[in-house]
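**Q** Dropping in my_file_34.cif, which is mmCIF, C-alpha atoms and all ligand atoms:
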data_work
#
loop_
_atom_site.label_atom_id
_atom_site.label_comp_id
_atom_site.auth_asym_id
_atom_site.auth_seq_id
_atom_site.Cartn_x
_atom_site.Cartn_y
_atom_site.Cartn_z
CA MET E 1 14.53 -36.49 -143.76
CA LYS E 2 10.87 -36.25 -142.96
CA ALA E 3 8.52 -35.57 -140.09
CA ILE E 4 6.81 -38.55 -138.48
CA ALA E 5 3.16 -38.17 -137.46
CA LEU E 6 2.08 -39.05 -133.91
CA LYS E 7 -1.49 -38.04 -134.74
CA GLU E 8 -2.97 -35.94 -137.51
CA GLY E 9 -1.25 -32.55 -137.39
CA ILE E 10 1.25 -33.55 -134.67
CA TYR E 11 4.72 -34.58 -135.75
CA TRP E 12 8.10 -35.68 -134.45
CA VAL E 13 10.68 -33.41 -136.06
CA GLY E 14 13.77 -34.18 -133.98
CA GLY E 15 17.34 -35.16 -134.70
CA ILE E 16 19.07 -38.54 -134.41
CA ASP E 17 22.53 -38.51 -132.84
CA TRP E 18 23.86 -41.78 -134.21
CA ASN E 19 27.44 -41.23 -133.00
CA LEU E 20 26.85 -40.00 -129.44
CA ARG E 21 28.76 -42.22 -127.02
CA ASN E 22 29.39 -39.92 -124.05
CA PHE E 23 26.68 -37.79 -122.45
CA HIS E 24 28.64 -36.00 -119.71
CA GLY E 25 30.15 -39.22 -118.44
CA TYR E 26 27.17 -41.47 -119.23
CA LEU E 27 28.12 -44.14 -121.80
CA THR E 28 25.44 -43.85 -124.50
CA GLN E 29 26.38 -46.97 -126.42
CA ARG E 30 23.21 -46.80 -128.51
CA GLY E 31 23.45 -43.07 -129.34
CA SER E 32 20.44 -40.84 -128.74
CA THR E 33 17.79 -38.62 -130.26
CA TYR E 34 16.67 -35.11 -129.39
CA ASN E 35 12.94 -35.13 -129.90
CA ALA E 36 11.29 -31.93 -131.08
CA TYR E 37 7.57 -31.94 -131.83
CA LEU E 38 5.49 -29.81 -134.16
CA ILE E 39 1.78 -29.10 -133.66
CA VAL E 40 0.12 -27.67 -136.75
CA ASP E 41 -3.11 -25.93 -135.76
CA LYS E 42 -4.41 -22.37 -136.20
CA LYS E 43 -1.19 -21.54 -134.47
CA ILE E 44 1.90 -23.63 -135.14
CA ALA E 45 3.91 -24.67 -132.11
CA LEU E 46 7.36 -26.25 -131.92
CA ILE E 47 7.94 -28.11 -128.66
CA ASP E 48 11.66 -28.13 -127.81
CA THR E 49 14.45 -28.23 -130.37
CA VAL E 50 17.69 -30.20 -130.84
CA LYS E 51 21.42 -29.97 -130.15
CA TYR E 52 22.99 -27.24 -132.25
CA TYR E 53 24.72 -29.61 -134.66
CA LEU E 54 21.41 -31.24 -135.67
CA ILE E 55 19.61 -27.99 -136.56
CA ASP E 56 19.65 -28.72 -140.30
CA GLU E 57 18.16 -32.16 -139.75
CA MET E 58 15.33 -30.70 -137.64
CA LEU E 59 14.68 -27.98 -140.22
CA GLU E 60 14.51 -30.54 -143.02
CA ARG E 61 11.90 -32.50 -141.06
CA ILE E 62 9.87 -29.35 -140.25
CA THR E 63 10.06 -28.24 -143.87
CA SER E 64 8.55 -31.57 -144.97
CA VAL E 65 5.32 -30.33 -143.29
CA ILE E 66 5.33 -26.52 -143.16
CA ASP E 67 7.47 -23.48 -143.87
CA PRO E 68 9.51 -23.10 -140.63
CA SER E 69 9.09 -19.31 -140.77
CA ALA E 70 5.38 -19.91 -140.05
CA ILE E 71 6.05 -21.18 -136.52
CA ASP E 72 4.12 -19.01 -134.04
CA ILE E 73 5.24 -20.47 -130.73
CA ILE E 74 8.41 -22.17 -129.54
CA ILE E 75 7.96 -24.05 -126.27
CA SER E 76 11.05 -24.69 -124.20
CA ASN E 77 10.25 -27.44 -121.71
CA HIS E 78 13.88 -27.55 -120.52
CA VAL E 79 16.86 -25.21 -120.72
CA GLU E 80 19.58 -27.86 -121.13
CA MET E 81 21.16 -27.34 -124.53
CA ASP E 82 20.36 -30.73 -126.01
CA HIS E 83 16.82 -29.31 -126.24
CA SER E 84 17.29 -25.55 -126.33
CA GLY E 85 20.40 -25.44 -128.53
CA ALA E 86 18.50 -24.52 -131.70
CA ILE E 87 16.17 -21.90 -130.17
CA PRO E 88 18.24 -18.83 -131.20
CA HIS E 89 18.50 -20.16 -134.75
CA MET E 90 14.76 -20.89 -134.89
CA ARG E 91 14.04 -17.34 -133.71
CA GLN E 92 16.03 -16.05 -136.67
CA ILE E 93 13.99 -18.21 -139.02
CA ALA E 94 10.68 -17.37 -137.32
CA PRO E 95 11.37 -13.90 -135.85
CA ASN E 96 7.80 -13.40 -134.64
CA ALA E 97 7.63 -16.68 -132.75
CA GLU E 98 6.83 -16.33 -129.07
CA ILE E 99 9.04 -18.41 -126.77
CA ILE E 100 7.13 -19.96 -123.88
CA THR E 101 8.97 -21.44 -120.95
CA SER E 102 8.75 -21.99 -117.19
CA PRO E 103 9.67 -19.20 -114.72
CA ASN E 104 13.03 -20.91 -114.13
CA GLY E 105 13.41 -21.37 -117.88
CA ALA E 106 12.99 -17.61 -118.26
CA LYS E 107 15.93 -17.19 -115.91
CA GLY E 108 18.08 -19.90 -117.48
CA LEU E 109 17.62 -19.34 -121.22
CA PRO E 110 19.10 -15.78 -121.24
CA LEU E 111 22.10 -17.11 -119.30
CA HIS E 112 22.75 -19.46 -122.22
CA PHE E 113 21.79 -17.39 -125.24
CA GLY E 114 21.51 -13.74 -124.18
CA GLN E 115 18.27 -11.82 -124.24
CA LEU E 116 15.35 -13.49 -126.01
CA PRO E 117 11.68 -12.44 -126.01
CA LEU E 118 10.33 -14.92 -123.47
CA ARG E 119 6.99 -15.52 -121.85
CA ALA E 120 7.09 -17.38 -118.53
CA ILE E 121 3.98 -19.41 -117.88
CA SER E 122 2.77 -20.51 -114.46
CA ASN E 123 1.96 -24.01 -113.26
CA GLY E 124 -1.34 -25.23 -114.71
CA GLU E 125 -1.59 -22.43 -117.28
CA THR E 126 -3.18 -23.33 -120.62
CA ILE E 127 -2.64 -21.82 -124.05
CA SER E 128 -4.89 -22.35 -127.07
CA LEU E 129 -3.46 -23.30 -130.44
CA GLY E 130 -6.88 -23.45 -132.13
CA ALA E 131 -8.57 -26.82 -132.03
CA ARG E 132 -5.98 -27.96 -129.53
CA SER E 133 -4.49 -26.55 -126.37
CA LEU E 134 -1.45 -27.11 -124.20
CA THR E 135 -1.45 -27.12 -120.41
CA PHE E 136 1.87 -26.73 -118.63
CA ILE E 137 2.89 -28.65 -115.52
CA LEU E 138 6.02 -27.46 -113.78
CA THR E 139 8.28 -30.39 -112.82
CA PRO E 140 11.23 -28.68 -111.11
CA MET E 141 14.31 -30.87 -110.60
CA VAL E 142 13.17 -33.60 -112.95
CA HIS E 143 16.00 -33.00 -113.49
CA TRP E 144 16.78 -29.24 -113.70
CA PRO E 145 14.94 -26.37 -111.94
CA ASP E 146 13.35 -25.30 -115.23
CA ASN E 147 11.81 -28.60 -116.37
CA MET E 148 8.13 -28.74 -117.26
CA PHE E 149 5.65 -31.01 -119.04
CA ALA E 150 3.30 -29.80 -121.77
CA TYR E 151 0.01 -31.71 -121.99
CA CYS E 152 -2.39 -31.67 -124.93
CA PRO E 153 -5.79 -32.76 -123.54
CA GLU E 154 -7.56 -32.94 -126.91
CA GLU E 155 -5.03 -35.50 -128.19
CA LYS E 156 -4.11 -36.99 -124.77
CA ILE E 157 -0.39 -36.49 -125.40
CA LEU E 158 2.07 -35.70 -122.62
CA PHE E 159 5.23 -33.99 -123.86
CA SER E 160 7.38 -35.02 -120.91
CA ASN E 161 10.81 -33.76 -121.95
CA ASP E 162 13.59 -35.76 -120.21
CA ALA E 163 11.20 -37.81 -118.06
CA PHE E 164 10.51 -41.29 -119.51
CA GLY E 165 13.31 -40.80 -122.08
CA GLN E 166 15.96 -43.25 -123.23
CA HIS E 167 19.23 -42.75 -125.08
CA ILE E 168 18.61 -44.75 -128.25
CA ALA E 169 19.45 -43.64 -131.79
CA THR E 170 16.90 -45.23 -134.06
CA SER E 171 14.71 -44.36 -137.02
CA GLU E 172 11.87 -46.29 -135.35
CA ARG E 173 9.81 -43.87 -133.29
CA PHE E 174 7.27 -45.98 -131.38
CA GLU E 175 7.83 -48.80 -128.93
CA GLU E 176 5.89 -51.41 -130.95
CA GLU E 177 8.45 -50.94 -133.74
CA TYR E 178 11.50 -51.66 -131.55
CA SER E 179 12.63 -54.16 -128.91
CA LEU E 180 10.69 -53.43 -125.73
CA ASP E 181 13.41 -55.06 -123.60
CA ILE E 182 16.02 -52.65 -124.99
CA ILE E 183 13.72 -49.64 -124.52
CA MET E 184 13.04 -50.60 -120.90
CA GLU E 185 16.74 -51.27 -120.23
CA GLU E 186 17.69 -47.87 -121.67
CA ALA E 187 14.84 -46.14 -119.77
CA LYS E 188 16.22 -47.73 -116.59
CA LYS E 189 19.75 -46.63 -117.42
CA TYR E 190 18.47 -43.12 -118.14
CA TYR E 191 16.66 -42.96 -114.80
CA ALA E 192 19.70 -44.33 -112.90
CA ASN E 193 22.15 -41.88 -114.46
CA ILE E 194 20.06 -38.72 -114.88
CA VAL E 195 16.97 -38.77 -112.68
CA LEU E 196 18.03 -40.84 -109.65
CA PRO E 197 18.87 -37.94 -107.28
CA TYR E 198 15.35 -36.54 -107.67
CA GLY E 199 13.05 -39.35 -106.52
CA ASN E 200 10.91 -37.02 -104.37
CA GLN E 201 10.44 -34.62 -107.26
CA VAL E 202 9.58 -37.52 -109.59
CA GLN E 203 6.88 -38.61 -107.16
CA LYS E 204 5.44 -35.07 -107.19
CA ALA E 205 5.50 -34.99 -111.00
CA LEU E 206 3.77 -38.40 -111.17
CA HIS E 207 1.17 -37.15 -108.71
CA ALA E 208 0.56 -34.06 -110.85
CA ALA E 209 0.15 -36.25 -113.93
CA GLU E 210 -2.00 -38.98 -112.37
CA ASN E 211 -5.31 -37.29 -113.21
CA LEU E 212 -4.37 -36.79 -116.85
CA SER E 213 -5.74 -39.10 -119.48
CA ILE E 214 -2.63 -40.11 -121.46
CA ASP E 215 -2.59 -42.04 -124.73
CA ILE E 216 0.94 -41.02 -125.71
CA ILE E 217 4.03 -39.99 -123.76
CA ALA E 218 6.34 -38.08 -126.06
CA PRO E 219 9.71 -37.72 -124.29
CA SER E 220 12.66 -35.68 -125.49
CA HIS E 221 14.97 -38.68 -125.98
CA GLY E 222 14.40 -41.98 -127.72
CA ILE E 223 11.21 -43.89 -128.35
CA ILE E 224 7.67 -42.48 -128.00
CA TRP E 225 5.41 -44.45 -125.63
CA ARG E 226 1.91 -45.34 -126.80
CA THR E 227 1.36 -49.02 -126.01
CA HIS E 228 3.21 -49.26 -122.68
CA VAL E 229 2.34 -45.88 -121.15
CA ASN E 230 1.19 -47.38 -117.84
CA ASP E 231 4.21 -49.69 -117.70
CA ILE E 232 6.77 -46.89 -117.88
CA ILE E 233 4.80 -44.76 -115.40
CA GLY E 234 4.74 -47.79 -113.06
CA LYS E 235 8.50 -48.23 -113.44
CA TYR E 236 9.11 -44.57 -112.57
CA ALA E 237 6.91 -44.96 -109.49
CA GLN E 238 9.00 -47.99 -108.44
CA TRP E 239 12.39 -46.39 -109.14
CA ALA E 240 11.43 -43.13 -107.41
CA THR E 241 10.82 -44.97 -104.14
CA ASN E 242 14.21 -46.76 -104.12
CA THR E 243 12.61 -50.19 -104.12
CA THR E 244 15.41 -52.77 -104.14
CA GLU E 245 15.67 -56.50 -104.85
CA LYS E 246 17.81 -59.29 -103.32
CA LYS E 247 20.73 -58.14 -105.40
CA ALA E 248 24.30 -57.29 -104.34
CA LEU E 249 26.86 -55.47 -106.46
CA ILE E 250 30.55 -56.15 -105.87
CA VAL E 251 32.40 -53.33 -107.61
CA TYR E 252 36.18 -53.37 -107.56
CA ASP E 253 39.50 -52.86 -109.25
CA THR E 254 42.57 -54.93 -108.57
CA MET E 255 46.37 -54.79 -109.00
CA TRP E 256 47.66 -58.32 -108.36
CA LYS E 257 44.29 -60.11 -108.01
CA SER E 258 44.18 -60.04 -104.19
CA THR E 259 41.27 -57.57 -104.09
CA GLU E 260 39.61 -59.65 -106.80
CA MET E 261 40.00 -62.78 -104.65
CA ILE E 262 38.28 -60.95 -101.79
CA ALA E 263 35.53 -59.88 -104.20
CA HIS E 264 34.95 -63.54 -105.06
CA ALA E 265 34.82 -64.50 -101.37
CA ILE E 266 32.16 -61.81 -100.82
CA TYR E 267 30.29 -63.10 -103.89
CA ARG E 268 30.12 -66.59 -102.33
CA ALA E 269 28.63 -65.12 -99.14
CA PHE E 270 25.80 -63.37 -100.97
CA GLU E 271 25.18 -66.41 -103.15
CA LYS E 272 24.87 -68.66 -100.09
CA LYS E 273 22.42 -66.23 -98.50
CA GLY E 274 20.10 -66.34 -101.52
CA TYR E 275 21.09 -63.03 -103.10
CA TYR E 276 21.86 -62.42 -106.77
CA PRO E 277 25.40 -61.02 -106.57
CA GLN E 278 27.19 -59.39 -109.50
CA LEU E 279 30.96 -59.06 -109.89
CA LEU E 280 31.65 -55.73 -111.60
CA SER E 281 35.30 -55.08 -112.32
CA LEU E 282 35.94 -51.42 -113.05
CA GLN E 283 38.41 -52.54 -115.71
CA HIS E 284 35.53 -54.09 -117.67
CA ASN E 285 32.36 -52.21 -116.72
CA HIS E 286 31.41 -48.59 -117.30
CA ILE E 287 30.35 -46.66 -114.23
CA SER E 288 27.07 -45.66 -115.87
CA ASP E 289 26.19 -49.33 -116.50
CA ILE E 290 27.00 -50.12 -112.86
CA MET E 291 24.56 -47.37 -111.81
CA THR E 292 21.84 -49.07 -113.86
CA GLU E 293 22.36 -52.22 -111.80
CA LEU E 294 22.50 -50.28 -108.55
CA LEU E 295 19.02 -48.88 -109.19
CA THR E 296 17.53 -52.11 -107.85
CA ALA E 297 20.39 -53.48 -105.69
CA GLU E 298 20.14 -53.74 -101.89
CA TYR E 299 23.91 -54.00 -101.31
CA ILE E 300 26.89 -52.19 -102.81
CA CYS E 301 30.35 -53.55 -101.94
CA VAL E 302 33.32 -51.55 -103.21
CA GLY E 303 36.92 -52.76 -103.19
CA SER E 304 40.29 -51.24 -103.95
CA PRO E 305 43.88 -52.15 -103.21
CA THR E 306 46.06 -49.39 -101.81
CA LEU E 307 48.13 -47.52 -104.38
CA ASN E 308 50.39 -44.69 -103.17
CA ASN E 309 48.41 -44.25 -99.92
CA ASN E 310 45.14 -44.01 -101.84
CA MET E 311 42.56 -46.04 -103.72
CA LEU E 312 42.90 -46.80 -107.42
CA PRO E 313 41.74 -43.89 -109.65
CA THR E 314 39.04 -46.08 -111.27
CA VAL E 315 37.47 -46.68 -107.86
CA SER E 316 37.74 -43.01 -106.95
CA ALA E 317 35.97 -42.03 -110.18
CA PHE E 318 33.18 -44.53 -109.52
CA LEU E 319 32.67 -43.29 -105.95
CA THR E 320 32.54 -39.66 -107.12
CA TYR E 321 29.92 -40.56 -109.72
CA LEU E 322 27.97 -42.65 -107.18
CA LYS E 323 27.92 -39.87 -104.60
CA GLY E 324 26.60 -37.37 -107.13
CA LEU E 325 23.69 -39.64 -108.06
CA ALA E 326 22.87 -40.08 -104.35
CA PRO E 327 21.00 -43.40 -104.22
CA LYS E 328 19.18 -43.81 -100.91
CA GLY E 329 18.66 -46.72 -98.55
CA ARG E 330 21.48 -49.03 -99.64
CA LYS E 331 23.76 -51.16 -97.45
CA ALA E 332 27.46 -50.98 -98.17
CA LEU E 333 30.78 -52.69 -97.53
CA ALA E 334 34.35 -51.53 -98.24
CA PHE E 335 37.10 -54.04 -98.91
CA GLY E 336 40.58 -54.38 -100.35
CA SER E 337 44.11 -55.64 -100.09
CA PHE E 338 47.23 -53.70 -99.20
CA GLY E 339 50.98 -54.05 -98.85
CA TRP E 340 51.94 -51.80 -95.92
CA GLY E 341 49.82 -48.65 -95.59
CA GLY E 342 46.28 -49.92 -96.30
CA GLN E 343 44.68 -46.47 -96.56
CA SER E 344 42.41 -47.36 -99.50
CA ILE E 345 39.92 -49.38 -97.47
CA ALA E 346 39.22 -46.57 -94.97
CA LEU E 347 38.92 -44.08 -97.83
CA VAL E 348 36.40 -46.28 -99.66
CA GLU E 349 34.51 -46.76 -96.39
CA GLU E 350 34.46 -43.00 -95.79
CA ALA E 351 33.14 -42.36 -99.31
CA LEU E 352 30.37 -44.96 -98.98
CA SER E 353 29.46 -43.72 -95.53
CA SER E 354 29.20 -40.15 -96.83
CA CYS E 355 26.51 -41.42 -99.24
CA GLY E 356 24.40 -42.19 -96.16
CA PHE E 357 24.56 -45.96 -96.64
CA GLU E 358 24.22 -48.43 -93.77
CA MET E 359 27.79 -49.71 -93.40
CA LEU E 360 29.00 -53.23 -92.73
CA GLU E 361 32.40 -53.72 -91.10
CA SER E 362 35.16 -53.34 -93.71
CA ILE E 363 37.42 -56.16 -94.89
CA LYS E 364 41.14 -55.75 -95.49
CA VAL E 365 43.85 -58.30 -96.21
CA GLN E 366 47.62 -57.76 -96.36
CA TYR E 367 49.22 -58.89 -99.62
CA VAL E 368 47.68 -62.18 -100.83
CA PRO E 369 44.77 -63.84 -98.98
CA THR E 370 45.09 -67.54 -98.19
CA LYS E 371 42.31 -70.03 -98.87
CA SER E 372 41.40 -70.09 -95.18
CA ALA E 373 41.37 -66.27 -95.01
CA LEU E 374 38.98 -66.19 -97.95
CA ASP E 375 36.72 -68.80 -96.33
CA GLU E 376 36.74 -66.67 -93.18
CA ILE E 377 35.73 -63.59 -95.19
CA THR E 378 32.83 -65.49 -96.77
CA GLN E 379 31.65 -66.64 -93.35
CA LYS E 380 32.00 -63.15 -91.82
CA VAL E 381 30.01 -61.52 -94.61
CA MET E 382 27.34 -64.24 -94.36
CA ASN E 383 27.01 -63.49 -90.66
CA ARG E 384 26.48 -59.76 -91.35
CA ILE E 385 23.89 -59.87 -94.13
FE1 LIG Q 401 17.93 -34.14 -122.28
FE2 LIG Q 401 18.32 -32.55 -119.30
O1 LIG Q 401 18.47 -32.75 -121.16
#
Please rewrite the model in this file as C-alpha cells.
**A**
Amino acid sequence: MKAIALKEGIYWVGGIDWNLRNFHGYLTQRGSTYNAYLIVDKKIALIDTVKYYLIDEMLERITSVIDPSAIDIIISNHVEMDHSGAIPHMRQIAPNAEIITSPNGAKGLPLHFGQLPLRAISNGETISLGARSLTFILTPMVHWPDNMFAYCPEEKILFSNDAFGQHIATSERFEEEYSLDIIMEEAKKYYANIVLPYGNQVQKALHAAENLSIDIIAPSHGIIWRTHVNDIIGKYAQWATNTTEKKALIVYDTMWKSTEMIAHAIYRAFEKKGYYPQLLSLQHNHISDIMTELLTAEYICVGSPTLNNNMLPTVSAFLTYLKGLAPKGRKALAFGSFGWGGQSIALVEEALSSCGFEMLESIKVQYVPTKSALDEITQKVMNRI
C-alpha cells in the first residue's frame, strides 16, 4: 500500500475502512477512510493518524516515502480516536516527534492515552517546516471542542479534519476520479449526522477560512477536494444556515397499517400544496438517511400507533436521534392511530415540541380510519400548511 501525492512532498497516508457500516449509529453503507497526511520538508510532519486497527496500513504507506522514525512533528487536529488512535504507537516509532494540538486537544488527548509530550498552539499560530509552513485555525465544536484546521499557505492546502468529509471507502482520492453526485450525497449525509448541531460554529469556521486562498481541501474522511472546493464551501454555508426547501418528510412506523394510512393522507395534503413529500417508514429507512433528507426539509411529520401506552420503539429511537442533532427552524406534526389509550401521539408531539419546532395540531384516529376520515385529514393538513 502506497502513499498518494497531493503535491510534491505532500502525501495522503491514511487507512481505508472498507467494512465500516456503523459509525456510532450512523449507517456508513459505503465504509470510510481515515485520512492522515505527510508533509516531507526540512521537518517531516504527520497530520492526524488513523483508527487503531489501521495502523499497519498507515505505516506501510508512510514507509513507501520515508522512514517513519524520521517524523519530527505529529499534528492532532482532533482528539476523536478515528484520527488520534495511532498517536501513541507513532510516538513509539518516532520517540522524538513533537505532538502539536489545540489547547482543548491538550486537555483531551491525555484523557484518552495518558501523558504525552504535547505542545498546545494558539489560534492563528504558525510553525515552519522548512520551505512550507502550517497555520492553525481553531474550530471549536466543528464538531468537538478540540477541532482545528491546519493551513499550508505555500501549497494552498487546508487540512480541515472532519469538516467537508464524507464516509466513503475508496482507493480513488480526488473528486474528479469518483462520482461527484455520490461525494456530494455523502458530504450532505456527513453534515446532517455529525455537524448539524453546530451551524453557528460552522459559520465562524467558514468566516475564519474565507480569506485563505485554497486550492485543495484535505478532509479527514473520504475524498480530497480540488476541483469543487468552492462548491463544498458553498454547501456548508447553505447547510449551516438551516435553509430549507418545499419538502416534507412523513416518518412513521405502523402496526396494522392505520398509521400508514394516515401517513398517506398527509402525503396527499403536501402534494396538493405543491410540496415534495417523502414517505419514510422506519421499517425500511435508516434514521441516519432520514436525517440527510431532513437537512433541507421544511416539515417533519412523525407518526406512531400506541403500543403498551407508548410509541413504537423505532419511533422513539428516531426521535432521540433527531433531538440530539437539533435541527432548527422546522415545522412539525405528530400523528398516529390507537386502540384505547392513544398516548403515543401526545408523546411524539411532546418530543417534537421539545426540539423547538413550530407545531401543527396533532392527528389521531381510533383503530382503522375510514375513507372519509382520511379525506378529512388531508383537507385539515392542507388548511394548516
Ligand atoms: Fe472523524 Fe470527529 O472524528
**Q** Counting all atoms listed in the file, what residues are within 7 Å of ligand LIG 401 (chain Q), given as a list of chain:residue names?
**A** E:His78, E:Glu80, E:Met81, E:Asp82, E:His83, E:His143, E:Trp144, E:Asp162, E:Ser220, E:His221
**Q** Between CA of His264 (chain E) and CA of Thr314 (chain E), what is the distance, to one decimal in Å?
**A**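 One can read the CA of His264 (chain E) to CA of Thr314 (chain E) distance as 19.0 Å.
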**Q** From (39.3, -53.1, -111.7), in the file's coordinates, out to 8 Å: which residues are reached, counting all atoms listed in the file? Answer as a PDB file with C-alpha atoms, in the coordinates of the input.
**A**
ATOM      1  CA  TYR E 252      36.180 -53.370-107.560  1.00  0.00           C
ATOM      2  CA  ASP E 253      39.500 -52.860-109.250  1.00  0.00           C
ATOM      3  CA  THR E 254      42.570 -54.930-108.570  1.00  0.00           C
ATOM      4  CA  MET E 255      46.370 -54.790-109.000  1.00  0.00           C
ATOM      5  CA  SER E 281      35.300 -55.080-112.320  1.00  0.00           C
ATOM      6  CA  LEU E 282      35.940 -51.420-113.050  1.00  0.00           C
ATOM      7  CA  GLN E 283      38.410 -52.540-115.710  1.00  0.00           C
ATOM      8  CA  HIS E 284      35.530 -54.090-117.670  1.00  0.00           C
ATOM      9  CA  THR E 314      39.040 -46.080-111.270  1.00  0.00           C
ATOM     10  CA  VAL E 315      37.470 -46.680-107.860  1.00  0.00           C
TER      11      VAL E 315
END
**Q** Which residue gives the smallest distance to Glu154 (chain E) among E:Ala269, E:Leu360, E:Ile262, E:Ile10, with all atoms listed in the file counted?
**A**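 Closest candidate: E:Ile10.
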**Q** In terms of the shortest atom-to-atom distance over all atoms listed in the file, which of E:Arg30, E:Lys43, E:Lys7, E:Lys51 is closest to Tyr190 (chain E)?
**A**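 Counting all atoms listed in the file, the residue closest to Tyr190 (chain E) is E:Arg30.
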**Q** Which residue gives the smallest distance to Thr320 (chain E) among E:Val229, E:Ile223, E:Cys355, E:Ala163, with only C-alpha atoms counted?
**A** E:Cys355
